[in-house]
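Enquirer: Contents of model_26.pdb (PDB, C-alpha atoms) are given next:
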ATOM      1  CA  MET S 484      16.936  -4.873   8.678
ATOM      2  CA  SER S 485      16.327  -5.570  12.388
ATOM      3  CA  THR S 486      14.748  -8.784  13.705
ATOM      4  CA  ALA S 487      11.494  -6.941  14.485
ATOM      5  CA  GLU S 488      11.324  -5.568  10.947
ATOM      6  CA  LYS S 489      11.931  -9.054   9.520
ATOM      7  CA  TYR S 490       9.086 -10.548  11.574
ATOM      8  CA  VAL S 491       6.658  -7.727  10.702
ATOM      9  CA  THR S 492       7.528  -8.098   7.002
ATOM     10  CA  ALA S 493       7.011 -11.862   7.270
ATOM     11  CA  ALA S 494       3.575 -11.368   8.872
ATOM     12  CA  TYR S 495       2.402  -9.007   6.135
ATOM     13  CA  CYS S 496       3.868 -11.268   3.425
ATOM     14  CA  VAL S 497       1.921 -14.224   4.876
ATOM     15  CA  VAL S 498      -1.326 -12.218   4.627
ATOM     16  CA  PHE S 499      -0.527 -11.156   1.064
ATOM     17  CA  ALA S 500       0.524 -14.685   0.000
ATOM     18  CA  LEU S 501      -2.597 -16.358   1.410
ATOM     19  CA  VAL S 502      -4.965 -13.832  -0.193
ATOM     20  CA  LEU S 503      -3.066 -14.181  -3.483
ATOM     21  CA  LEU S 504      -3.294 -17.990  -3.265
ATOM     22  CA  TYR S 505      -7.042 -17.703  -2.687
ATOM     23  CA  VAL S 506      -7.428 -15.425  -5.736
ATOM     24  CA  VAL S 507      -5.375 -17.884  -7.875
ATOM     25  CA  ILE S 508      -7.579 -20.804  -6.751
ATOM     26  CA  ILE S 509     -10.753 -18.834  -7.597
ATOM     27  CA  ALA S 510      -9.258 -17.827 -10.980
ATOM     28  CA  LEU S 511      -8.460 -21.489 -11.790
ATOM     29  CA  LYS S 512     -11.998 -22.465 -10.830
ATOM     30  CA  LEU S 513     -13.461 -19.755 -13.059
ATOM     31  CA  GLN S 514     -11.271 -21.002 -15.917
ATOM     32  CA  ARG S 515     -12.672 -24.517 -15.420
ATOM     33  CA  LEU S 516     -16.228 -23.151 -15.410
ATOM     34  CA  GLU S 517     -15.552 -21.236 -18.616
ATOM     35  CA  ARG S 518     -14.259 -24.441 -20.243
ATOM     36  CA  GLU S 519     -17.370 -26.330 -19.132
ATOM     37  CA  VAL S 520     -19.638 -23.597 -20.552
ATOM     38  CA  ASP S 521     -17.794 -23.882 -23.878
ATOM     39  CA  GLU S 522     -18.313 -27.658 -23.851
ATOM     40  CA  LEU S 523     -22.028 -27.233 -23.174
ATOM     41  CA  VAL S 524     -22.377 -24.653 -25.944
ATOM     42  CA  ALA S 525     -20.592 -26.957 -28.404
ATOM     43  CA  ARG S 526     -22.741 -29.991 -27.502
ATOM     44  CA  PRO S 527     -26.124 -28.846 -29.015
ATOM     45  CA  GLU S 528     -24.343 -27.643 -32.149
ATOM     46  CA  ALA S 529     -22.812 -31.111 -32.643
ATOM     47  CA  ALA S 530     -26.192 -32.754 -31.954
ATOM     48  CA  GLU S 531     -27.878 -30.514 -34.555
ATOM     49  CA  GLU S 532     -25.331 -31.532 -37.173
ATOM     50  CA  ASP S 533     -25.962 -35.245 -36.448
ATOM     51  CA  GLU S 534     -29.714 -34.795 -36.845
ATOM     52  CA  ARG S 535     -29.427 -33.465 -40.447
ATOM     53  CA  GLU S 536     -30.353 -36.032 -43.101
ATOM     54  CA  PRO S 537     -27.523 -37.065 -45.385
ATOM     55  CA  VAL S 538     -27.957 -35.839 -48.964
ATOM     56  CA  HIS S 539     -26.708 -37.949 -51.886
ATOM     57  CA  ILE S 540     -24.930 -35.927 -54.495
ATOM     58  CA  GLY S 541     -24.717 -37.122 -58.040
TER
ATOM     59  CA  MET C 762     -37.439  -2.964   6.295
ATOM     60  CA  SER C 763     -34.870  -2.665   9.124
ATOM     61  CA  ALA C 764     -31.790  -0.464   8.685
ATOM     62  CA  PRO C 765     -29.167  -3.293   8.699
ATOM     63  CA  ALA C 766     -31.190  -5.303   6.187
ATOM     64  CA  ALA C 767     -31.503  -2.236   3.942
ATOM     65  CA  GLN C 768     -27.741  -1.631   4.200
ATOM     66  CA  LEU C 769     -27.030  -5.263   3.287
ATOM     67  CA  ARG C 770     -29.291  -5.006   0.239
ATOM     68  CA  LEU C 771     -27.579  -1.786  -0.782
ATOM     69  CA  MET C 772     -24.147  -3.444  -0.441
ATOM     70  CA  SER C 773     -25.230  -6.432  -2.529
ATOM     71  CA  ARG C 774     -25.997  -3.997  -5.376
ATOM     72  CA  VAL C 775     -22.425  -2.660  -5.486
ATOM     73  CA  SER C 776     -20.656  -4.169  -8.496
ATOM     74  CA  LEU C 777     -17.719  -6.524  -8.036
ATOM     75  CA  PRO C 778     -15.166  -4.354  -9.899
ATOM     76  CA  ALA C 779     -16.122  -1.384  -7.662
ATOM     77  CA  LEU C 780     -15.693  -3.558  -4.564
ATOM     78  CA  ALA C 781     -12.326  -4.868  -5.812
ATOM     79  CA  ALA C 782     -11.131  -1.301  -6.474
ATOM     80  CA  ALA C 783     -12.300  -0.184  -3.018
ATOM     81  CA  SER C 784     -10.504  -3.148  -1.401
ATOM     82  CA  PHE C 785      -7.277  -2.345  -3.240
ATOM     83  CA  LEU C 786      -7.425   1.344  -2.290
ATOM     84  CA  LEU C 787      -8.271   0.663   1.354
ATOM     85  CA  VAL C 788      -5.616  -2.046   1.816
ATOM     86  CA  THR C 789      -2.983   0.194   0.164
ATOM     87  CA  THR C 790      -3.986   3.147   2.382
ATOM     88  CA  ALA C 791      -3.867   0.909   5.459
ATOM     89  CA  LEU C 792      -0.371  -0.323   4.536
ATOM     90  CA  VAL C 793       0.884   3.246   4.005
ATOM     91  CA  LEU C 794      -0.542   4.262   7.408
ATOM     92  CA  VAL C 795       0.911   1.170   9.120
ATOM     93  CA  PHE C 796       4.448   1.583   7.783
ATOM     94  CA  PHE C 797       4.838   5.341   7.284
ATOM     95  CA  VAL C 798       2.410   7.208   9.553
ATOM     96  CA  ALA C 799       1.638   5.226  12.739
ATOM     97  CA  PRO C 800       4.184   5.813  15.510
ATOM     98  CA  ASN C 801       6.237   3.061  17.140
ATOM     99  CA  ASP C 802       4.709   1.549  20.271
ATOM    100  CA  ALA C 803       6.460   2.559  23.503
ATOM    101  CA  ASP C 804       6.586  -1.036  24.825
ATOM    102  CA  GLN C 805       6.877  -3.266  21.772
ATOM    103  CA  GLY C 806       8.482  -0.921  19.274
ATOM    104  CA  PHE C 807       8.286  -1.763  15.565
ATOM    105  CA  SER C 808       6.873  -5.280  16.068
ATOM    106  CA  GLN C 809       3.578  -3.802  17.338
ATOM    107  CA  ARG C 810       2.761  -2.939  13.699
ATOM    108  CA  ILE C 811       1.573  -6.527  13.217
ATOM    109  CA  PHE C 812      -1.344  -5.552  15.498
ATOM    110  CA  TYR C 813      -3.102  -3.437  12.822
ATOM    111  CA  PHE C 814      -3.746  -6.350  10.475
ATOM    112  CA  HIS C 815      -3.776  -9.139  13.079
ATOM    113  CA  VAL C 816      -6.635  -7.632  15.132
ATOM    114  CA  SER C 817      -8.526  -6.422  12.030
ATOM    115  CA  ILE C 818      -8.325  -9.895  10.504
ATOM    116  CA  ALA C 819      -9.488 -11.477  13.788
ATOM    117  CA  PHE C 820     -12.603  -9.269  13.931
ATOM    118  CA  THR C 821     -13.221  -9.919  10.228
ATOM    119  CA  ALA C 822     -13.072 -13.688  10.872
ATOM    120  CA  TYR C 823     -15.634 -13.267  13.678
ATOM    121  CA  ALA C 824     -17.814 -11.174  11.331
ATOM    122  CA  CYS C 825     -17.632 -13.899   8.659
ATOM    123  CA  PHE C 826     -18.626 -16.612  11.142
ATOM    124  CA  ILE C 827     -21.508 -14.445  12.431
ATOM    125  CA  GLY C 828     -22.580 -13.766   8.817
ATOM    126  CA  GLY C 829     -22.452 -17.496   8.077
ATOM    127  CA  ALA C 830     -24.556 -18.214  11.178
ATOM    128  CA  TRP C 831     -27.061 -15.506  10.234
ATOM    129  CA  LYS C 832     -27.495 -17.032   6.759
ATOM    130  CA  ALA C 833     -27.824 -20.464   8.380
ATOM    131  CA  LEU C 834     -30.654 -19.084  10.519
ATOM    132  CA  VAL C 835     -32.307 -17.587   7.418
ATOM    133  CA  HIS C 836     -32.035 -20.990   5.731
ATOM    134  CA  LEU C 837     -33.655 -22.802   8.673
ATOM    135  CA  TRP C 838     -36.350 -20.145   8.924
ATOM    136  CA  LYS C 839     -37.281 -19.645   5.274
ATOM    137  CA  ARG C 840     -35.892 -22.892   3.748
ATOM    138  CA  ASP C 841     -34.105 -20.821   1.149
ATOM    139  CA  PRO C 842     -31.387 -22.854  -0.650
ATOM    140  CA  ARG C 843     -29.561 -19.621  -1.570
ATOM    141  CA  ALA C 844     -29.061 -18.899   2.142
ATOM    142  CA  ASP C 845     -27.402 -22.315   2.597
ATOM    143  CA  LEU C 846     -24.840 -21.488  -0.088
ATOM    144  CA  GLU C 847     -24.283 -18.007   1.384
ATOM    145  CA  SER C 848     -23.794 -19.526   4.847
ATOM    146  CA  TYR C 849     -21.238 -21.985   3.449
ATOM    147  CA  VAL C 850     -19.277 -19.213   1.688
ATOM    148  CA  GLY C 851     -19.394 -17.047   4.845
ATOM    149  CA  VAL C 852     -17.957 -19.881   6.947
ATOM    150  CA  HIS C 853     -15.316 -20.520   4.270
ATOM    151  CA  GLN C 854     -14.223 -16.869   4.388
ATOM    152  CA  GLY C 855     -14.134 -17.078   8.184
ATOM    153  CA  VAL C 856     -11.824 -20.086   8.052
ATOM    154  CA  ILE C 857      -9.475 -18.311   5.610
ATOM    155  CA  PHE C 858      -9.301 -15.225   7.824
ATOM    156  CA  GLY C 859      -9.048 -17.470  10.897
ATOM    157  CA  ALA C 860      -5.964 -19.139   9.404
ATOM    158  CA  LEU C 861      -4.487 -15.676   8.845
ATOM    159  CA  VAL C 862      -5.168 -14.738  12.489
ATOM    160  CA  LEU C 863      -3.333 -17.842  13.702
ATOM    161  CA  LEU C 864      -0.376 -17.274  11.353
ATOM    162  CA  THR C 865       0.088 -13.550  12.041
ATOM    163  CA  GLY C 866      -0.564 -14.088  15.764
ATOM    164  CA  SER C 867       2.050 -16.805  15.882
ATOM    165  CA  ILE C 868       4.646 -14.526  14.270
ATOM    166  CA  TRP C 869       3.754 -11.737  16.697
ATOM    167  CA  ALA C 870       3.953 -14.162  19.648
ATOM    168  CA  LYS C 871       7.411 -15.276  18.571
ATOM    169  CA  ILE C 872       8.790 -11.762  18.473
ATOM    170  CA  SER C 873       6.982 -10.473  21.601
ATOM    171  CA  TRP C 874       6.946 -13.496  23.896
ATOM    172  CA  GLY C 875       9.691 -15.637  22.353
ATOM    173  CA  HIS C 876       7.301 -18.521  21.578
ATOM    174  CA  TRP C 877       5.386 -19.464  18.413
ATOM    175  CA  TRP C 878       2.483 -20.739  20.499
ATOM    176  CA  LEU C 879       1.516 -20.824  24.196
ATOM    177  CA  TRP C 880      -0.936 -23.514  25.286
ATOM    178  CA  SER C 881      -1.378 -21.711  28.617
ATOM    179  CA  GLU C 882      -3.024 -18.716  26.907
ATOM    180  CA  ASN C 883      -6.814 -19.171  26.949
ATOM    181  CA  GLN C 884      -7.535 -16.753  24.124
ATOM    182  CA  LEU C 885      -5.118 -18.476  21.744
ATOM    183  CA  VAL C 886      -6.434 -21.950  22.553
ATOM    184  CA  LEU C 887     -10.081 -20.841  22.315
ATOM    185  CA  PHE C 888      -9.489 -19.215  18.949
ATOM    186  CA  LEU C 889      -7.832 -22.442  17.767
ATOM    187  CA  VAL C 890     -10.872 -24.411  19.024
ATOM    188  CA  LEU C 891     -13.180 -22.025  17.125
ATOM    189  CA  PHE C 892     -11.044 -22.391  13.988
ATOM    190  CA  LEU C 893     -10.971 -26.206  14.206
ATOM    191  CA  PHE C 894     -14.714 -26.289  14.904
ATOM    192  CA  TYR C 895     -15.374 -24.448  11.649
ATOM    193  CA  CYS C 896     -12.797 -26.613   9.794
ATOM    194  CA  ALA C 897     -14.906 -29.616  10.855
ATOM    195  CA  TYR C 898     -17.912 -27.876   9.219
ATOM    196  CA  PHE C 899     -16.392 -28.765   5.845
ATOM    197  CA  MET C 900     -15.864 -32.389   6.891
ATOM    198  CA  LEU C 901     -19.572 -32.547   7.743
ATOM    199  CA  ARG C 902     -20.646 -30.784   4.564
ATOM    200  CA  PHE C 903     -18.577 -32.932   2.198
ATOM    201  CA  SER C 904     -19.416 -36.211   3.942
ATOM    202  CA  LEU C 905     -23.140 -35.820   3.140
ATOM    203  CA  ASP C 906     -24.982 -35.992  -0.171
ATOM    204  CA  ASP C 907     -26.228 -32.755  -1.652
ATOM    205  CA  GLY C 908     -29.801 -31.970  -0.606
ATOM    206  CA  PRO C 909     -32.041 -30.472   2.087
ATOM    207  CA  GLN C 910     -30.715 -32.795   4.811
ATOM    208  CA  ARG C 911     -27.133 -31.607   4.281
ATOM    209  CA  ALA C 912     -28.250 -27.977   4.191
ATOM    210  CA  ASN C 913     -30.193 -28.337   7.460
ATOM    211  CA  LEU C 914     -27.392 -30.137   9.314
ATOM    212  CA  CYS C 915     -24.786 -27.615   8.151
ATOM    213  CA  ALA C 916     -27.042 -24.706   9.159
ATOM    214  CA  VAL C 917     -27.454 -26.107  12.691
ATOM    215  CA  TYR C 918     -23.678 -26.689  12.925
ATOM    216  CA  ALA C 919     -22.890 -23.117  11.779
ATOM    217  CA  LEU C 920     -25.336 -21.764  14.369
ATOM    218  CA  PHE C 921     -23.708 -23.759  17.182
ATOM    219  CA  GLY C 922     -20.296 -22.403  16.228
ATOM    220  CA  VAL C 923     -21.374 -18.819  16.762
ATOM    221  CA  ILE C 924     -21.716 -19.535  20.515
ATOM    222  CA  LEU C 925     -17.939 -19.974  20.650
ATOM    223  CA  ILE C 926     -17.319 -16.426  19.370
ATOM    224  CA  PRO C 927     -18.222 -14.501  22.555
ATOM    225  CA  VAL C 928     -16.397 -17.157  24.605
ATOM    226  CA  SER C 929     -13.281 -16.644  22.472
ATOM    227  CA  PHE C 930     -13.640 -12.847  22.639
ATOM    228  CA  LEU C 931     -14.198 -12.733  26.397
ATOM    229  CA  ALA C 932     -11.597 -15.390  27.271
ATOM    230  CA  ILE C 933      -8.914 -12.767  27.778
ATOM    231  CA  ARG C 934     -11.107 -10.881  30.252
ATOM    232  CA  LEU C 935     -12.032 -14.034  32.147
ATOM    233  CA  ALA C 936      -8.423 -15.163  32.511
ATOM    234  CA  GLN C 937      -6.696 -14.513  35.818
ATOM    235  CA  LYS C 938      -3.218 -14.339  34.365
ATOM    236  CA  PHE C 939      -2.528 -13.305  30.781
ATOM    237  CA  ILE C 940       0.077 -11.815  28.528
ATOM    238  CA  HIS C 941      -2.121 -11.299  25.456
ATOM    239  CA  PRO C 942      -2.860  -7.529  25.247
ATOM    240  CA  VAL C 943      -6.425  -6.227  25.769
ATOM    241  CA  VAL C 944      -7.278  -3.987  22.831
ATOM    242  CA  PHE C 945     -10.838  -2.951  23.692
ATOM    243  CA  THR C 946     -11.980  -2.256  27.240
ATOM    244  CA  ARG C 947     -15.354  -1.146  28.648
ATOM    245  CA  HIS C 948     -14.157   2.445  28.329
ATOM    246  CA  GLY C 949     -13.332   2.123  24.618
ATOM    247  CA  PRO C 950     -10.159   1.305  22.677
ATOM    248  CA  ASN C 951      -6.817   1.226  24.474
ATOM    249  CA  PHE C 952      -5.149   3.535  21.946
ATOM    250  CA  HIS C 953      -5.593   7.023  20.446
ATOM    251  CA  GLY C 954      -4.408   9.353  17.686
ATOM    252  CA  TRP C 955      -2.800   7.884  14.576
ATOM    253  CA  ILE C 956      -2.766   4.394  16.083
ATOM    254  CA  LEU C 957      -6.575   4.490  16.318
ATOM    255  CA  VAL C 958      -6.956   5.997  12.816
ATOM    256  CA  THR C 959      -4.632   3.360  11.315
ATOM    257  CA  TYR C 960      -6.448   0.560  13.100
ATOM    258  CA  CYS C 961      -9.866   1.837  11.898
ATOM    259  CA  VAL C 962      -8.683   2.076   8.265
ATOM    260  CA  ALA C 963      -7.132  -1.428   8.475
ATOM    261  CA  GLN C 964     -10.364  -2.786   9.977
ATOM    262  CA  ILE C 965     -12.532  -1.273   7.225
ATOM    263  CA  ALA C 966     -10.037  -2.511   4.589
ATOM    264  CA  MET C 967     -10.195  -6.080   5.904
ATOM    265  CA  LEU C 968     -13.998  -6.055   6.087
ATOM    266  CA  VAL C 969     -14.326  -4.739   2.522
ATOM    267  CA  LEU C 970     -11.692  -7.229   1.293
ATOM    268  CA  ALA C 971     -13.536 -10.112   2.979
ATOM    269  CA  TYR C 972     -16.852  -8.976   1.478
ATOM    270  CA  THR C 973     -15.277  -8.724  -1.990
ATOM    271  CA  LEU C 974     -13.814 -12.244  -1.709
ATOM    272  CA  TYR C 975     -17.194 -13.466  -0.419
ATOM    273  CA  ARG C 976     -18.978 -12.018  -3.448
ATOM    274  CA  VAL C 977     -16.395 -13.466  -5.875
ATOM    275  CA  GLU C 978     -16.637 -16.931  -4.340
ATOM    276  CA  LEU C 979     -20.428 -16.778  -4.202
ATOM    277  CA  ALA C 980     -20.618 -15.793  -7.881
ATOM    278  CA  GLY C 981     -18.370 -18.748  -8.780
ATOM    279  CA  LYS C 982     -20.415 -21.202  -6.696
ATOM    280  CA  ARG C 983     -23.713 -19.984  -8.201
ATOM    281  CA  LEU C 984     -22.286 -20.326 -11.707
ATOM    282  CA  ASP C 985     -21.127 -23.848 -10.852
ATOM    283  CA  LEU C 986     -24.629 -24.781  -9.638
ATOM    284  CA  ARG C 987     -26.289 -23.386 -12.754
ATOM    285  CA  LEU C 988     -23.854 -25.319 -14.931
ATOM    286  CA  ARG C 989     -24.679 -28.552 -13.115
ATOM    287  CA  GLU C 990     -28.400 -27.935 -13.698
ATOM    288  CA  LEU C 991     -27.750 -27.272 -17.391
ATOM    289  CA  ARG C 992     -25.788 -30.521 -17.634
ATOM    290  CA  ARG C 993     -28.695 -32.400 -16.103
ATOM    291  CA  VAL C 994     -31.026 -30.858 -18.684
ATOM    292  CA  TYR C 995     -28.718 -31.806 -21.557
ATOM    293  CA  ALA C 996     -28.034 -35.324 -20.266
TER
END
What is this structure when it is put down as structure tokens?
Expert:
Amino acid sequence: MSTAEKYVTAAYCVVFALVLLYVVIIALKLQRLEREVDELVARPEAAEEDEREPVHIG
Amino acid sequence: MSAPAAQLRLMSRVSLPALAAASFLLVTTALVLVFFVAPNDADQGFSQRIFYFHVSIAFTAYACFIGGAWKALVHLWKRDPRADLESYVGVHQGVIFGALVLLTGSIWAKISWGHWWLWSENQLVLFLVLFLFYCAYFMLRFSLDDGPQRANLCAVYALFGVILIPVSFLAIRLAQKFIHPVVFTRHGPNFHGWILVTYCVAQIAMLVLAYTLYRVELAGKRLDLRLRELRRVYA
């Protein structure tokens, strides 16, 4: 591979790497948002269970 | 409704998976054209192939900054909080593509001129000034509390930045002595045939890619905002 080919490859790899990094960052953020949604969904369910009156058996 | 506004509304209706697929296809086609179809440049040889993505990315960065400024204007005009978020995401995309312009340009400069950077070149320095100006936008945005004041200040800042774009674009024409090539003249582009076709495909690919990334980031930011509101309701 000539020097020119190496530099051109490096330039295109830089573009690819930066776009890929951006996509990874967005994917991580979406994962965090998904986790937060799950937490919010679980919160009212837990609150509902606390509000139920205890029943004595026996 | 004006034609550009109607086109923008039409584009906003295109689904994200369709946009992602279009970006992938266009970028792949552009790469095939760059490496297998476009001829070698008579002066620079193989290294000129950096041009196709470098120039396309530069114009895409300008487009992102102009889009961000346009949304900033809409925010100041209509006081629409959605426009503030759209302006912020537009500027963010511009900074990402701006970083790519500087990186690919630096590699091209090294191989063509033998230097990574030349402070004597007005166009390079002005693009760096534009890039740093928009980097400072984030310092401003994150140093203020969320609210209308922050949105207004950021909108004014984004609008000021757009003045630098024509200066950066015309710098090469205003310079007395330059080594940076002039791609577009008053009589049209400085190239023809497959070089022009490859450049056009690469330009469309970069614009569609930037718009796809813009939509993805905007969707994430809107989801984040809605989650924060939900948390406030639950708290």
Enquirer: Quick check on the file I pasted: which residues fall under the ChimeraX specification (/C :<9) & /S? Write them as a ChimeraX atom specification.
Expert: /S:486-488,490-495,497-498,501-502,505-506,509,512-513,516,519-520,523,526-527
Enquirer: Check what the PyMOL selection byres ((chain C and resi 957) around 12) selects in the file above and give those residues as a list in words.
Expert: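 Selection result, ordered by chain and number: Ala791, Leu794, Val795, Val798, Ala799, Pro800, Phe812, Tyr813, Ser817, Val944, Phe945, Gly949, Pro950, Asn951, Phe952, His953, Gly954, Trp955, Ile956, Val958, Thr959, Tyr960, Cys961, Val962, Ala963 and Gln964 of chain C.
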Enquirer: Which of these, C:Val850, C:Leu787, C:Cys825, C:Ile924, has the shortest distance to Phe899 (chain C) once you count all atoms listed in the file?
Expert: C:Val850
Enquirer: What's the 10 Å shell around Cys896 (chain C), counting only C-alpha atoms, without same-chain residues fewer than 4 positions away, as a list in words?
Expert: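 In the requested form, the answer reads Val852, His853, Gly855, Val856, Ile857, Gly859, Val890, Leu891, Phe892, Met900 and Leu901 of chain C.
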Enquirer: Please produce an output containing C-alpha atoms for each residue in the selection, written as a short mmCIF file (atom, residue, chain, number, x, y, z; two decimals), in the coordinates of the input.
Expert:
data_model
loop_
_atom_site.label_atom_id
_atom_site.label_comp_id
_atom_site.auth_asym_id
_atom_site.auth_seq_id
_atom_site.Cartn_x
_atom_site.Cartn_y
_atom_site.Cartn_z
CA VAL C 852 -17.96 -19.88 6.95
CA HIS C 853 -15.32 -20.52 4.27
CA GLY C 855 -14.13 -17.08 8.18
CA VAL C 856 -11.82 -20.09 8.05
CA ILE C 857 -9.48 -18.31 5.61
CA GLY C 859 -9.05 -17.47 10.90
CA VAL C 890 -10.87 -24.41 19.02
CA LEU C 891 -13.18 -22.02 17.12
CA PHE C 892 -11.04 -22.39 13.99
CA MET C 900 -15.86 -32.39 6.89
CA LEU C 901 -19.57 -32.55 7.74
#
Enquirer: Mind pulling up the distance from CA of Asp841 (chain C) to CA of Leu986 (chain C)?
Expert: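 We find that CA of Leu986 (chain C) and CA of Asp841 (chain C) lie 14.9 Å from each other.
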Enquirer: Could you state which residues are captured by the PyMOL selection byres ((chain C and resi 777) around 8) in this file, as a list in words?
Expert: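 Applying the PyMOL selection byres ((chain C and resi 777) around 8) to the structure shown produces Val775, Ser776, Pro778, Ala779, Leu780, Ala781, Thr973, Arg976 and Val977 of chain C.
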Enquirer: For CA of Gly828 (chain C) and CA of Ser848 (chain C), quote the distance in Å rounded to one decimal.
Expert: 7.1 Å
Enquirer: Leaving out Leu837 (chain C) and any residue of its chain fewer than 2 positions from it, which residues lie within 12 Å of it when counting all atoms listed in the file, given as a list in words?
Expert: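 In the requested form, the answer reads Ala830, Trp831, Lys832, Ala833, Leu834, Val835, Lys839, Arg840, Asp841, Pro842, Arg843, Ala844, Asp845, Ser848, Pro909, Gln910, Arg911, Ala912, Asn913, Leu914, Cys915, Ala916, Val917, Tyr918, Ala919 and Leu920 of chain C.
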